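Dropping input-v9.cif in here (mmCIF, C-alpha atoms, pLDDT in the B column; chains and numbers go by the auth columns):
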data_data
loop_
_atom_site.group_PDB
_atom_site.id
_atom_site.type_symbol
_atom_site.label_atom_id
_atom_site.label_comp_id
_atom_site.label_asym_id
_atom_site.label_seq_id
_atom_site.Cartn_x
_atom_site.Cartn_y
_atom_site.Cartn_z
_atom_site.B_iso_or_equiv
_atom_site.auth_seq_id
_atom_site.auth_asym_id
ATOM 1 C CA ASP A 1 78.840 8.755 -156.754 80.00 4 A
ATOM 2 C CA ILE A 2 80.419 11.016 -159.384 79.00 5 A
ATOM 3 C CA MET A 3 77.558 13.490 -158.958 83.00 6 A
ATOM 4 C CA GLU A 4 78.675 14.013 -155.340 87.00 7 A
ATOM 5 C CA VAL A 5 82.438 14.278 -155.993 86.00 8 A
ATOM 6 C CA HIS A 6 84.117 17.672 -156.078 89.00 9 A
ATOM 7 C CA ALA A 7 87.159 18.134 -158.316 88.00 10 A
ATOM 8 C CA ASP A 8 89.417 19.043 -155.379 89.00 11 A
ATOM 9 C CA GLU A 9 88.654 15.654 -153.768 91.00 12 A
ATOM 10 C CA ILE A 10 90.228 13.755 -156.673 88.00 13 A
ATOM 11 C CA PRO A 11 93.909 12.903 -156.135 88.00 14 A
ATOM 12 C CA GLU A 12 96.474 14.394 -158.545 87.00 15 A
ATOM 13 C CA SER A 13 97.041 12.079 -161.471 88.00 16 A
ATOM 14 C CA ASP A 14 98.323 12.332 -165.020 92.00 17 A
ATOM 15 C CA TRP A 15 95.589 10.218 -166.613 94.00 18 A
ATOM 16 C CA TRP A 16 91.890 9.905 -165.933 92.00 19 A
ATOM 17 C CA CYS A 17 89.891 6.935 -167.146 91.00 20 A
ATOM 18 C CA ALA A 18 86.129 6.595 -167.280 88.00 21 A
ATOM 19 C CA GLY A 19 83.594 4.077 -168.432 84.00 22 A
ATOM 20 C CA SER A 20 80.270 5.844 -168.210 74.00 23 A
ATOM 21 C CA PRO A 21 77.102 3.740 -168.092 68.00 24 A
ATOM 22 C CA CYS A 22 76.334 2.451 -171.557 69.00 25 A
ATOM 23 C CA GLN A 23 72.594 1.792 -171.355 64.00 26 A
ATOM 24 C CA GLY A 24 71.664 5.085 -173.017 64.00 27 A
ATOM 25 C CA PHE A 25 73.989 4.345 -175.941 66.00 28 A
ATOM 26 C CA SER A 26 73.537 0.591 -176.290 64.00 29 A
ATOM 27 C CA VAL A 27 71.823 -0.929 -179.298 61.00 30 A
ATOM 28 C CA ALA A 28 71.354 -4.231 -177.434 56.00 31 A
ATOM 29 C CA GLY A 29 68.037 -4.935 -175.767 48.00 32 A
ATOM 30 C CA ALA A 30 65.643 -2.122 -175.005 48.00 33 A
ATOM 31 C CA ARG A 31 67.246 1.151 -176.022 50.00 34 A
ATOM 32 C CA ARG A 32 66.836 3.593 -173.169 49.00 35 A
ATOM 33 C CA GLY A 33 67.986 6.681 -175.041 50.00 36 A
ATOM 34 C CA LEU A 34 69.851 9.740 -173.925 52.00 37 A
ATOM 35 C CA ALA A 35 67.026 10.676 -171.573 55.00 38 A
ATOM 36 C CA ASP A 36 68.372 7.892 -169.329 57.00 39 A
ATOM 37 C CA ALA A 37 69.833 9.691 -166.296 58.00 40 A
ATOM 38 C CA ARG A 38 72.925 7.472 -166.389 60.00 41 A
ATOM 39 C CA SER A 39 73.929 9.010 -169.726 59.00 42 A
ATOM 40 C CA GLY A 40 74.289 12.356 -167.911 69.00 43 A
ATOM 41 C CA LEU A 41 77.122 10.984 -165.801 78.00 44 A
ATOM 42 C CA LEU A 42 79.372 11.438 -168.824 81.00 45 A
ATOM 43 C CA GLY A 43 78.681 15.183 -168.709 82.00 46 A
ATOM 44 C CA ARG A 44 79.651 15.274 -165.033 85.00 47 A
ATOM 45 C CA TRP A 45 82.966 13.601 -165.873 87.00 48 A
ATOM 46 C CA VAL A 46 83.637 16.236 -168.554 89.00 49 A
ATOM 47 C CA ALA A 47 82.942 18.968 -165.983 90.00 50 A
ATOM 48 C CA LEU A 48 85.416 17.416 -163.528 92.00 51 A
ATOM 49 C CA VAL A 49 88.035 17.145 -166.270 93.00 52 A
ATOM 50 C CA ALA A 50 87.465 20.832 -167.080 93.00 53 A
ATOM 51 C CA GLU A 51 88.219 21.754 -163.470 92.00 54 A
ATOM 52 C CA ARG A 52 91.336 19.595 -162.976 92.00 55 A
ATOM 53 C CA ARG A 53 92.760 19.268 -166.525 93.00 56 A
ATOM 54 C CA PRO A 54 94.664 15.972 -166.243 94.00 57 A
ATOM 55 C CA GLY A 55 97.333 15.371 -168.880 94.00 58 A
ATOM 56 C CA GLY A 56 95.478 12.496 -170.519 95.00 59 A
ATOM 57 C CA LEU A 57 92.033 10.944 -170.788 95.00 60 A
ATOM 58 C CA LEU A 58 90.656 7.550 -171.645 95.00 61 A
ATOM 59 C CA LEU A 59 86.917 7.040 -172.082 94.00 62 A
ATOM 60 C CA GLU A 60 85.370 3.647 -172.835 93.00 63 A
ATOM 61 C CA ASN A 61 81.826 2.912 -174.003 90.00 64 A
ATOM 62 C CA VAL A 62 79.764 0.778 -176.378 89.00 65 A
ATOM 63 C CA PRO A 63 79.904 1.346 -180.161 90.00 66 A
ATOM 64 C CA GLY A 64 76.377 2.790 -180.032 87.00 67 A
ATOM 65 C CA ILE A 65 77.898 5.989 -178.631 86.00 68 A
ATOM 66 C CA LEU A 66 79.215 6.707 -182.139 89.00 69 A
ATOM 67 C CA ILE A 67 75.719 6.863 -183.646 87.00 70 A
ATOM 68 C CA SER A 68 73.733 8.217 -180.682 83.00 71 A
ATOM 69 C CA ARG A 69 72.212 11.641 -181.220 81.00 72 A
ATOM 70 C CA LEU A 70 70.668 14.292 -179.033 78.00 73 A
ATOM 71 C CA ALA A 71 67.117 15.432 -179.725 79.00 74 A
ATOM 72 C CA ASP A 72 68.520 18.257 -181.882 84.00 75 A
ATOM 73 C CA GLY A 73 70.318 15.734 -184.116 86.00 76 A
ATOM 74 C CA ARG A 74 73.882 16.327 -182.914 85.00 77 A
ATOM 75 C CA LEU A 75 76.067 13.222 -182.597 87.00 78 A
ATOM 76 C CA VAL A 76 77.155 12.427 -179.034 85.00 79 A
ATOM 77 C CA ARG A 77 80.665 11.513 -180.233 90.00 80 A
ATOM 78 C CA ASP A 78 81.040 14.967 -181.850 93.00 81 A
ATOM 79 C CA ILE A 79 79.927 16.631 -178.633 89.00 82 A
ATOM 80 C CA ILE A 80 82.435 14.587 -176.595 90.00 83 A
ATOM 81 C CA GLU A 81 85.293 15.372 -178.965 95.00 84 A
ATOM 82 C CA ASN A 82 84.386 19.072 -179.264 95.00 85 A
ATOM 83 C CA GLU A 83 84.104 19.515 -175.486 93.00 86 A
ATOM 84 C CA PHE A 84 87.562 18.049 -174.943 95.00 87 A
ATOM 85 C CA LYS A 85 89.037 20.044 -177.836 96.00 88 A
ATOM 86 C CA LYS A 86 87.702 23.225 -176.192 96.00 89 A
ATOM 87 C CA LEU A 87 89.613 22.181 -173.071 95.00 90 A
ATOM 88 C CA GLY A 88 92.846 21.867 -175.066 96.00 91 A
ATOM 89 C CA TYR A 89 92.884 18.123 -175.642 97.00 92 A
ATOM 90 C CA LYS A 90 93.802 16.383 -178.851 96.00 93 A
ATOM 91 C CA ILE A 91 91.292 13.533 -178.940 96.00 94 A
ATOM 92 C CA GLU A 92 90.729 10.474 -181.120 96.00 95 A
ATOM 93 C CA HIS A 93 88.479 7.458 -180.925 96.00 96 A
ATOM 94 C CA ARG A 94 88.673 3.901 -182.199 96.00 97 A
ATOM 95 C CA LYS A 95 86.419 0.883 -182.077 96.00 98 A
ATOM 96 C CA LEU A 96 88.323 -2.060 -180.592 95.00 99 A
ATOM 97 C CA ASN A 97 87.404 -5.685 -179.958 94.00 100 A
ATOM 98 C CA SER A 98 88.638 -7.348 -176.768 93.00 101 A
ATOM 99 C CA ALA A 99 89.181 -10.643 -178.627 93.00 102 A
ATOM 100 C CA ASP A 100 91.882 -8.916 -180.687 92.00 103 A
ATOM 101 C CA TYR A 101 93.884 -8.561 -177.451 93.00 104 A
ATOM 102 C CA GLY A 102 93.620 -12.104 -176.102 92.00 105 A
ATOM 103 C CA VAL A 103 90.352 -11.852 -174.149 93.00 106 A
ATOM 104 C CA PRO A 104 88.185 -14.952 -174.748 93.00 107 A
ATOM 105 C CA GLU A 105 85.151 -12.873 -175.657 91.00 108 A
ATOM 106 C CA THR A 106 84.217 -10.731 -178.649 90.00 109 A
ATOM 107 C CA ARG A 107 83.307 -7.477 -176.935 91.00 110 A
ATOM 108 C CA LYS A 108 83.500 -4.354 -179.064 93.00 111 A
ATOM 109 C CA ARG A 109 84.118 -1.051 -177.349 94.00 112 A
ATOM 110 C CA VAL A 110 84.860 2.491 -178.417 95.00 113 A
ATOM 111 C CA ILE A 111 87.900 4.020 -176.777 96.00 114 A
ATOM 112 C CA PHE A 112 88.401 7.779 -176.785 96.00 115 A
ATOM 113 C CA ILE A 113 91.935 8.888 -175.918 97.00 116 A
ATOM 114 C CA GLY A 114 92.761 12.515 -175.324 96.00 117 A
ATOM 115 C CA THR A 115 96.016 14.218 -174.462 96.00 118 A
ATOM 116 C CA ARG A 116 97.140 17.772 -173.863 94.00 119 A
ATOM 117 C CA THR A 117 100.533 17.120 -175.440 91.00 120 A
ATOM 118 C CA LYS A 118 101.381 17.339 -179.125 86.00 121 A
ATOM 119 C CA LYS A 119 102.649 13.757 -179.146 90.00 122 A
ATOM 120 C CA PRO A 120 100.787 11.230 -181.308 93.00 123 A
ATOM 121 C CA ILE A 121 98.078 9.131 -179.691 94.00 124 A
ATOM 122 C CA PHE A 122 98.852 5.421 -179.726 91.00 125 A
ATOM 123 C CA TYR A 123 96.434 2.533 -179.361 93.00 126 A
ATOM 124 C CA PRO A 124 97.576 -0.962 -178.391 89.00 127 A
ATOM 125 C CA LYS A 125 98.872 -3.210 -181.133 88.00 128 A
ATOM 126 C CA LEU A 126 96.729 -6.112 -182.226 87.00 129 A
ATOM 127 C CA THR A 127 97.882 -9.373 -180.607 89.00 130 A
ATOM 128 C CA HIS A 128 95.164 -11.783 -181.800 89.00 131 A
ATOM 129 C CA SER A 129 92.965 -12.211 -184.864 87.00 132 A
ATOM 130 C CA ASN A 130 90.019 -14.318 -185.978 82.00 133 A
ATOM 131 C CA LYS A 131 91.654 -14.605 -189.387 71.00 134 A
ATOM 132 C CA PHE A 132 94.586 -16.575 -187.949 57.00 135 A
ATOM 133 C CA ARG A 133 97.041 -14.329 -189.736 55.00 136 A
ATOM 134 C CA MET A 134 100.652 -14.805 -188.805 53.00 137 A
ATOM 135 C CA ASN A 135 103.573 -12.433 -189.229 53.00 138 A
ATOM 136 C CA VAL A 136 101.349 -9.405 -189.853 53.00 139 A
ATOM 137 C CA ALA A 137 103.684 -6.408 -190.002 56.00 140 A
ATOM 138 C CA LEU A 138 106.537 -8.729 -189.013 49.00 141 A
ATOM 139 C CA GLU A 139 104.812 -9.566 -185.729 66.00 142 A
ATOM 140 C CA LYS A 140 103.183 -12.835 -184.818 75.00 143 A
ATOM 141 C CA ILE A 141 99.422 -12.544 -184.451 81.00 144 A
ATOM 142 C CA GLU A 142 97.788 -15.340 -182.462 84.00 145 A
ATOM 143 C CA PRO A 143 94.324 -16.750 -183.170 85.00 146 A
ATOM 144 C CA TRP A 144 91.472 -15.582 -180.946 88.00 147 A
ATOM 145 C CA VAL A 145 91.320 -17.417 -177.617 89.00 148 A
ATOM 146 C CA PRO A 146 88.206 -19.621 -177.468 88.00 149 A
ATOM 147 C CA VAL A 147 86.396 -19.633 -174.141 87.00 150 A
ATOM 148 C CA LYS A 148 86.647 -23.436 -174.000 85.00 151 A
ATOM 149 C CA GLU A 149 90.406 -23.017 -173.484 86.00 152 A
ATOM 150 C CA ILE A 150 90.000 -21.114 -170.235 88.00 153 A
ATOM 151 C CA LEU A 151 86.939 -22.705 -168.615 89.00 154 A
ATOM 152 C CA LEU A 152 87.059 -25.904 -166.647 89.00 155 A
ATOM 153 C CA PRO A 153 84.820 -28.718 -167.820 87.00 156 A
ATOM 154 C CA LYS A 154 81.535 -28.719 -165.862 86.00 157 A
ATOM 155 C CA ASP A 155 82.439 -31.975 -164.071 90.00 158 A
ATOM 156 C CA LYS A 156 85.635 -30.349 -162.708 91.00 159 A
ATOM 157 C CA VAL A 157 83.877 -27.280 -161.201 90.00 160 A
ATOM 158 C CA ASP A 158 83.137 -27.292 -157.479 91.00 161 A
ATOM 159 C CA ARG A 159 79.356 -27.598 -156.917 87.00 162 A
ATOM 160 C CA LYS A 160 79.407 -24.515 -154.661 88.00 163 A
ATOM 161 C CA PHE A 161 79.751 -22.396 -157.827 88.00 164 A
ATOM 162 C CA PHE A 162 76.484 -23.696 -159.333 90.00 165 A
ATOM 163 C CA HIS A 163 73.117 -21.991 -158.856 90.00 166 A
ATOM 164 C CA THR A 164 70.757 -24.003 -156.688 91.00 167 A
ATOM 165 C CA PRO A 165 67.291 -24.905 -157.995 90.00 168 A
ATOM 166 C CA ARG A 166 65.882 -22.415 -155.463 93.00 169 A
ATOM 167 C CA MET A 167 68.053 -19.608 -156.869 91.00 170 A
ATOM 168 C CA ILE A 168 67.051 -20.460 -160.437 92.00 171 A
ATOM 169 C CA GLU A 169 63.371 -20.361 -159.434 94.00 172 A
ATOM 170 C CA GLY A 170 63.983 -16.932 -157.870 92.00 173 A
ATOM 171 C CA PHE A 171 65.558 -15.669 -161.119 91.00 174 A
ATOM 172 C CA LYS A 172 62.512 -16.854 -163.061 93.00 175 A
ATOM 173 C CA LYS A 173 60.104 -15.133 -160.645 92.00 176 A
ATOM 174 C CA ARG A 174 62.073 -11.876 -160.789 89.00 177 A
ATOM 175 C CA LYS A 175 62.120 -11.976 -164.600 88.00 178 A
ATOM 176 C CA ALA A 176 58.354 -12.540 -164.738 89.00 179 A
ATOM 177 C CA SER A 177 57.797 -9.707 -162.261 86.00 180 A
ATOM 178 C CA ASN A 178 60.013 -7.341 -164.270 82.00 181 A
ATOM 179 C CA GLU A 179 58.146 -8.209 -167.458 85.00 182 A
ATOM 180 C CA ARG A 180 54.775 -7.550 -165.773 86.00 183 A
ATOM 181 C CA ASN A 181 56.081 -4.186 -164.510 81.00 184 A
ATOM 182 C CA GLY A 182 57.537 -3.181 -167.867 76.00 185 A
ATOM 183 C CA LYS A 183 61.187 -3.373 -166.792 68.00 186 A
#

Represent the structure from my file as structure tokens, please.
Amino acid sequence: DIMEVHADEIPESDWWCAGSPCQGFSVAGARRGLADARSGLLGRWVALVAERRPGGLLLENVPGILISRLADGRLVRDIIENEFKKLGYKIEHRKLNSADYGVPETRKRVIFIGTRTKKPIFYPKLTHSNKFRMNVALEKIEPWVPVKEILLPKDKVDRKFFHTPRMIEGFKKRKASNERNGK
């Protein structure tokens, strides 16, 4: 639990990476807002960084973090970037899509990278594209990887990996219960 960790308990390392809970920033499903306690975990990470000052930072979250605002109207992304700038970090963010790097899923994420050096910040080069472009910038770009290329056909999957009818019924009951209880 990051709320229980003290900075001196964290091993020395050059780079720190975090992926704070996204529910408070997500635009999918029921938006929980910044009042969601999980959104505060990001602030705890900033406090730990302030104490230890690693050489580099990487923070991952959903694209909604770029448009999320506090009650006073300030953008969360501006607060993140300003806090790290105050600590001496040069920080940038980009929205990336996992499918552009060979993952068989279109999952967009915002990546903040911060460094205390004056060197430029580099993001990974695109390896795949949904536009099937080839020889972009003299490099071969592969088409996105469809999920059907990595999954076994259903008849080739061991039955032990399937949900039983009893499990499925339990999922349905839990969903109905959550809906009744406003979850």

Under the rule that only C-alpha atoms are counted, which of A:Pro146, A:Arg169, A:Thr118, A:Gly185 is the nearest residue to Trp18 in chain A? A:Thr118

Residue IDs satisfying the PyMOL selection byres ((chain A and resi 49) around 12), as a VMD selection string: chain A and resid 5 to 6 10 19 to 21 23 43 to 48 50 to 57 60 to 62 82 to 90 92 117

To one decimal place in Å, what is the distance between CA of Leu154 in chain A and CA of His166 in chain A? 16.9 Å

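Among A:Phe164, A:Gly76, A:Arg183, A:Arg119, the residue with the shortest atom-to-atom distance to Asp17 in chain A, counting all atoms listed in the file, is A:Arg119.
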
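When all atoms listed in the file are used to compute distances to Lys151 in chain A, the closest of the residues A:Lys178, A:Ser16, A:Val8, A:Glu108 turns out to be A:Glu108.
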
Evaluate the PyMOL selection byres ((chain A and resi 124-136) around 12) on the structure here and hand back the selected residues as a VMD selection string. chain A and resid 59 to 61 92 to 109 113 to 123 137 to 149

Find the smallest box with edges along x, y and z containing every listed atom of range 7-25 of chain A, then add 8 Å on each side and report centre and edge lengths in Å to one decimal, as AutoDock Vina command-line options.
--center_x 87.3 --center_y 10.7 --center_z -162.7 --size_x 38.0 --size_y 32.6 --size_z 33.8

Two-atom distance - CA of Arg80 in chain A, CA of Glu63 in chain A (Å):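 So the answer is 11.8 Å.
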
d(CA of Asn64 in chain A, CA of Glu182 in chain A) in Å: 27.0 Å

Can you give me, as a PyMOL selection string, the residues this file yields under the PyMOL selection byres ((chain A and resi 68) around 8)? chain A and resi 28-29+64-67+69-71+79-80+113

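Minimum atom-to-atom distances from A:Phe165, A:Gly173, A:Arg112, A:Asp75 to Gly22 in chain A were compared using all atoms listed in the file, and the lowest value belongs to A:Arg112.
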